[in-house]
Amino acid sequence: MKVIKFIIALIKFILYGEEVTQEEKNNRLKICDTCQFREYNKCGKCGCYLDKKTSWSSESCPENKW
């Protein structure tokens with residue numbers, strides 16, 4: 001199921017998204033750093049890699065933290 005979620009996120013980014021600023025990405029990552037669902041470099045809720053998820057404007061936190 002997590003693979004499907006990532007594929008959907010990738011398609012949304014390709015069709016509608018753009019890269020956020022480095023400052024915005026850093027702010028998102030800071031929030032992820034304190035999240036109970038963080039699993040190393042991945043989100044434990046959706047399975048996405050945080051480096052990509054936090055840099056795509058078409059993505060949001062599954063816990064609505066950003």
# chains A, B, ... in the order shown; residues from 1 in each chain; ligands from 1

call {"tool": "residues_around", "arguments": {"residues": "Thr54 of chain A", "least_positions_apart": "3", "cutoff": "10 Å", "atoms": "only C-alpha atoms", "output": "MDAnalysis selection string"}}
result
chainID A and resid 19:20 22 24:29 32 48:51 57:61 66

call {"tool": "write_last_selection", "arguments": {"atoms": "N, CA and C atoms", "output": "short mmCIF file (atom, residue, chain, number, x, y, z; two decimals), in the first residue's frame"}}
result
data_model
loop_
_atom_site.label_atom_id
_atom_site.label_comp_id
_atom_site.auth_asym_id
_atom_site.auth_seq_id
_atom_site.Cartn_x
_atom_site.Cartn_y
_atom_site.Cartn_z
N GLU A 19 9.08 22.37 -6.79
CA GLU A 19 9.95 22.29 -5.62
C GLU A 19 9.66 23.49 -4.71
N VAL A 20 9.62 23.25 -3.41
CA VAL A 20 9.49 24.35 -2.45
C VAL A 20 10.87 24.96 -2.24
N GLN A 22 14.28 26.07 -0.26
CA GLN A 22 15.11 25.33 0.70
C GLN A 22 14.68 25.65 2.13
N GLU A 24 11.63 26.44 3.19
CA GLU A 24 10.39 25.70 3.47
C GLU A 24 10.68 24.22 3.70
N LYS A 25 11.54 23.66 2.89
CA LYS A 25 11.91 22.25 3.07
C LYS A 25 12.53 22.04 4.44
N ASN A 26 13.44 22.92 4.83
CA ASN A 26 14.08 22.81 6.15
C ASN A 26 13.08 22.92 7.28
N ASN A 27 12.10 23.82 7.14
CA ASN A 27 11.06 23.96 8.15
C ASN A 27 10.24 22.68 8.27
N ARG A 28 9.91 22.09 7.15
CA ARG A 28 9.15 20.84 7.16
C ARG A 28 9.96 19.72 7.80
N LEU A 29 11.23 19.64 7.45
CA LEU A 29 12.09 18.59 8.02
C LEU A 29 12.25 18.75 9.54
N CYS A 32 9.33 17.20 11.04
CA CYS A 32 9.45 15.74 10.93
C CYS A 32 10.45 15.17 11.94
N CYS A 48 6.65 7.55 2.51
CA CYS A 48 7.44 8.39 1.60
C CYS A 48 8.79 8.73 2.21
N TYR A 49 9.78 8.92 1.33
CA TYR A 49 11.08 9.39 1.77
C TYR A 49 10.97 10.88 2.08
N LEU A 50 11.41 11.26 3.25
CA LEU A 50 11.23 12.64 3.70
C LEU A 50 11.97 13.66 2.86
N ASP A 51 13.11 13.29 2.30
CA ASP A 51 13.84 14.22 1.46
C ASP A 51 12.99 14.67 0.27
N SER A 57 5.82 20.64 -3.41
CA SER A 57 4.70 21.51 -3.02
C SER A 57 3.36 20.77 -3.04
N SER A 58 3.29 19.70 -3.78
CA SER A 58 2.04 18.96 -3.90
C SER A 58 1.81 17.99 -2.74
N GLU A 59 2.77 17.91 -1.82
CA GLU A 59 2.66 16.99 -0.69
C GLU A 59 2.38 17.72 0.62
N SER A 60 1.84 16.99 1.56
CA SER A 60 1.59 17.51 2.90
C SER A 60 1.78 16.38 3.90
N CYS A 61 1.91 16.75 5.14
CA CYS A 61 2.10 15.78 6.21
C CYS A 61 0.80 15.00 6.42
N TRP A 66 2.30 20.00 8.73
CA TRP A 66 2.78 21.03 7.79
C TRP A 66 2.04 20.91 6.49
#

call {"tool": "residues_around", "arguments": {"residues": "Phe37 of chain A", "least_positions_apart": "5", "cutoff": "12 Å", "atoms": "only C-alpha atoms", "output": "list of chain:residue names"}}
result
A:Ile31, A:Cys32, A:Lys42, A:Cys43, A:Gly44, A:Lys45, A:Cys46, A:Gly47, A:Cys48, A:Leu50, A:Cys61, A:Pro62, A:Glu63, A:Lys65

call {"tool": "write_last_selection", "arguments": {"atoms": "C-alpha atoms", "output": "PDB file, in the first residue's frame"}}
result
ATOM      1  CA  ILE A  31       8.802  19.277  12.146  1.00  0.00           C
ATOM      2  CA  CYS A  32       9.453  15.735  10.927  1.00  0.00           C
ATOM      3  CA  LYS A  42      11.004   7.884   5.842  1.00  0.00           C
ATOM      4  CA  CYS A  43       7.555   8.793   7.063  1.00  0.00           C
ATOM      5  CA  GLY A  44       6.109   5.836   8.954  1.00  0.00           C
ATOM      6  CA  LYS A  45       2.553   6.928   8.151  1.00  0.00           C
ATOM      7  CA  CYS A  46       2.726   7.097   4.377  1.00  0.00           C
ATOM      8  CA  GLY A  47       6.065   5.457   3.574  1.00  0.00           C
ATOM      9  CA  CYS A  48       7.437   8.394   1.600  1.00  0.00           C
ATOM     10  CA  LEU A  50      11.227  12.641   3.703  1.00  0.00           C
ATOM     11  CA  CYS A  61       2.097  15.775   6.211  1.00  0.00           C
ATOM     12  CA  PRO A  62      -0.353  12.883   6.763  1.00  0.00           C
ATOM     13  CA  GLU A  63      -0.705  14.158  10.367  1.00  0.00           C
ATOM     14  CA  LYS A  65       1.680  19.084  10.911  1.00  0.00           C
TER      15      LYS A  65
END

call {"tool": "select_by_dssp", "arguments": {"residues": "chain A", "states": "strand (DSSP E or B)", "output": "ChimeraX atom specification"}}
result
/A:19,38-39,42-43,49,56

call {"tool": "atom_distance", "arguments": {"atom1": "atom CA of Asn64 of chain A", "atom2": "atom CA of Asp33 of chain A"}}
result
14.7 Å

call {"tool": "select_by_dssp", "arguments": {"residues": "chain A", "states": "alpha helix (DSSP H)", "output": "PyMOL selection string"}}
result
chain A and resi 2-16+22-33+50-53

call {"tool": "write_last_selection", "arguments": {"atoms": "N, CA, C and O atoms", "output": "compact mmCIF listing (two decimals), in the first residue's frame"}}
result
# COMPACT_ATOMS: atom_id res chain seq x y z
N LYS A 2 1.99 1.24 0.72
CA LYS A 2 2.86 2.42 0.76
C LYS A 2 3.46 2.73 -0.61
O LYS A 2 3.65 3.88 -0.95
N VAL A 3 3.72 1.71 -1.39
CA VAL A 3 4.26 1.93 -2.74
C VAL A 3 3.24 2.65 -3.60
O VAL A 3 3.57 3.57 -4.34
N ILE A 4 2.00 2.27 -3.47
CA ILE A 4 0.93 2.91 -4.23
C ILE A 4 0.81 4.38 -3.84
O ILE A 4 0.67 5.25 -4.69
N LYS A 5 0.89 4.66 -2.53
CA LYS A 5 0.82 6.05 -2.06
C LYS A 5 1.96 6.88 -2.64
O LYS A 5 1.78 8.03 -3.02
N PHE A 6 3.16 6.28 -2.69
CA PHE A 6 4.29 7.01 -3.26
C PHE A 6 4.08 7.27 -4.74
O PHE A 6 4.38 8.37 -5.23
N ILE A 7 3.58 6.31 -5.47
CA ILE A 7 3.34 6.49 -6.90
C ILE A 7 2.32 7.60 -7.13
O ILE A 7 2.49 8.44 -8.01
N ILE A 8 1.28 7.64 -6.32
CA ILE A 8 0.27 8.70 -6.43
C ILE A 8 0.91 10.06 -6.14
O ILE A 8 0.67 11.03 -6.84
N ALA A 9 1.76 10.12 -5.09
CA ALA A 9 2.44 11.37 -4.77
C ALA A 9 3.34 11.82 -5.91
O ALA A 9 3.38 13.01 -6.24
N LEU A 10 4.03 10.89 -6.52
CA LEU A 10 4.91 11.21 -7.64
C LEU A 10 4.11 11.75 -8.83
O LEU A 10 4.50 12.75 -9.45
N ILE A 11 3.00 11.14 -9.12
CA ILE A 11 2.15 11.60 -10.24
C ILE A 11 1.62 13.00 -9.96
O ILE A 11 1.64 13.87 -10.83
N LYS A 12 1.17 13.25 -8.70
CA LYS A 12 0.69 14.59 -8.34
C LYS A 12 1.79 15.63 -8.52
O LYS A 12 1.55 16.73 -9.02
N PHE A 13 3.00 15.27 -8.11
CA PHE A 13 4.12 16.21 -8.25
C PHE A 13 4.41 16.50 -9.73
O PHE A 13 4.60 17.65 -10.11
N ILE A 14 4.44 15.47 -10.53
CA ILE A 14 4.72 15.65 -11.96
C ILE A 14 3.66 16.52 -12.62
O ILE A 14 3.97 17.41 -13.42
N LEU A 15 2.40 16.31 -12.27
CA LEU A 15 1.31 17.04 -12.91
C LEU A 15 1.10 18.45 -12.35
O LEU A 15 0.82 19.38 -13.10
N TYR A 16 1.20 18.61 -11.01
CA TYR A 16 0.78 19.86 -10.38
C TYR A 16 1.84 20.52 -9.50
O TYR A 16 1.67 21.67 -9.11
N GLN A 22 14.28 26.07 -0.26
CA GLN A 22 15.11 25.33 0.70
C GLN A 22 14.68 25.65 2.13
O GLN A 22 14.67 24.79 3.00
N GLU A 23 14.30 26.90 2.37
CA GLU A 23 13.84 27.30 3.71
C GLU A 23 12.57 26.54 4.10
O GLU A 23 12.46 26.05 5.23
N GLU A 24 11.63 26.44 3.19
CA GLU A 24 10.39 25.70 3.47
C GLU A 24 10.68 24.22 3.70
O GLU A 24 10.12 23.60 4.62
N LYS A 25 11.54 23.66 2.89
CA LYS A 25 11.91 22.25 3.07
C LYS A 25 12.53 22.04 4.44
O LYS A 25 12.19 21.10 5.15
N ASN A 26 13.44 22.92 4.83
CA ASN A 26 14.08 22.81 6.15
C ASN A 26 13.08 22.92 7.28
O ASN A 26 13.17 22.19 8.27
N ASN A 27 12.10 23.82 7.14
CA ASN A 27 11.06 23.96 8.15
C ASN A 27 10.24 22.68 8.27
O ASN A 27 9.91 22.24 9.37
N ARG A 28 9.91 22.09 7.15
CA ARG A 28 9.15 20.84 7.16
C ARG A 28 9.96 19.72 7.80
O ARG A 28 9.43 18.95 8.61
N LEU A 29 11.23 19.64 7.45
CA LEU A 29 12.09 18.59 8.02
C LEU A 29 12.25 18.75 9.54
O LEU A 29 12.32 17.76 10.27
N LYS A 30 12.31 19.98 10.03
CA LYS A 30 12.40 20.22 11.47
C LYS A 30 11.17 19.66 12.18
O LYS A 30 11.29 19.09 13.27
N ILE A 31 10.03 19.83 11.57
CA ILE A 31 8.80 19.28 12.15
C ILE A 31 8.86 17.75 12.13
O ILE A 31 8.52 17.09 13.12
N CYS A 32 9.33 17.20 11.04
CA CYS A 32 9.45 15.74 10.93
C CYS A 32 10.45 15.17 11.94
O CYS A 32 10.28 14.05 12.42
N ASP A 33 11.48 15.95 12.27
CA ASP A 33 12.50 15.49 13.21
C ASP A 33 11.91 15.12 14.57
O ASP A 33 12.43 14.25 15.26
N LEU A 50 11.41 11.26 3.25
CA LEU A 50 11.23 12.64 3.70
C LEU A 50 11.97 13.66 2.86
O LEU A 50 11.49 14.78 2.69
N ASP A 51 13.11 13.29 2.30
CA ASP A 51 13.84 14.22 1.46
C ASP A 51 12.99 14.67 0.27
O ASP A 51 13.02 15.84 -0.11
N LYS A 52 12.24 13.76 -0.31
CA LYS A 52 11.38 14.11 -1.45
C LYS A 52 10.07 14.73 -0.97
O LYS A 52 9.63 15.75 -1.48
N LYS A 53 9.43 14.09 -0.01
CA LYS A 53 8.11 14.55 0.44
C LYS A 53 8.14 16.00 0.92
O LYS A 53 7.26 16.77 0.60
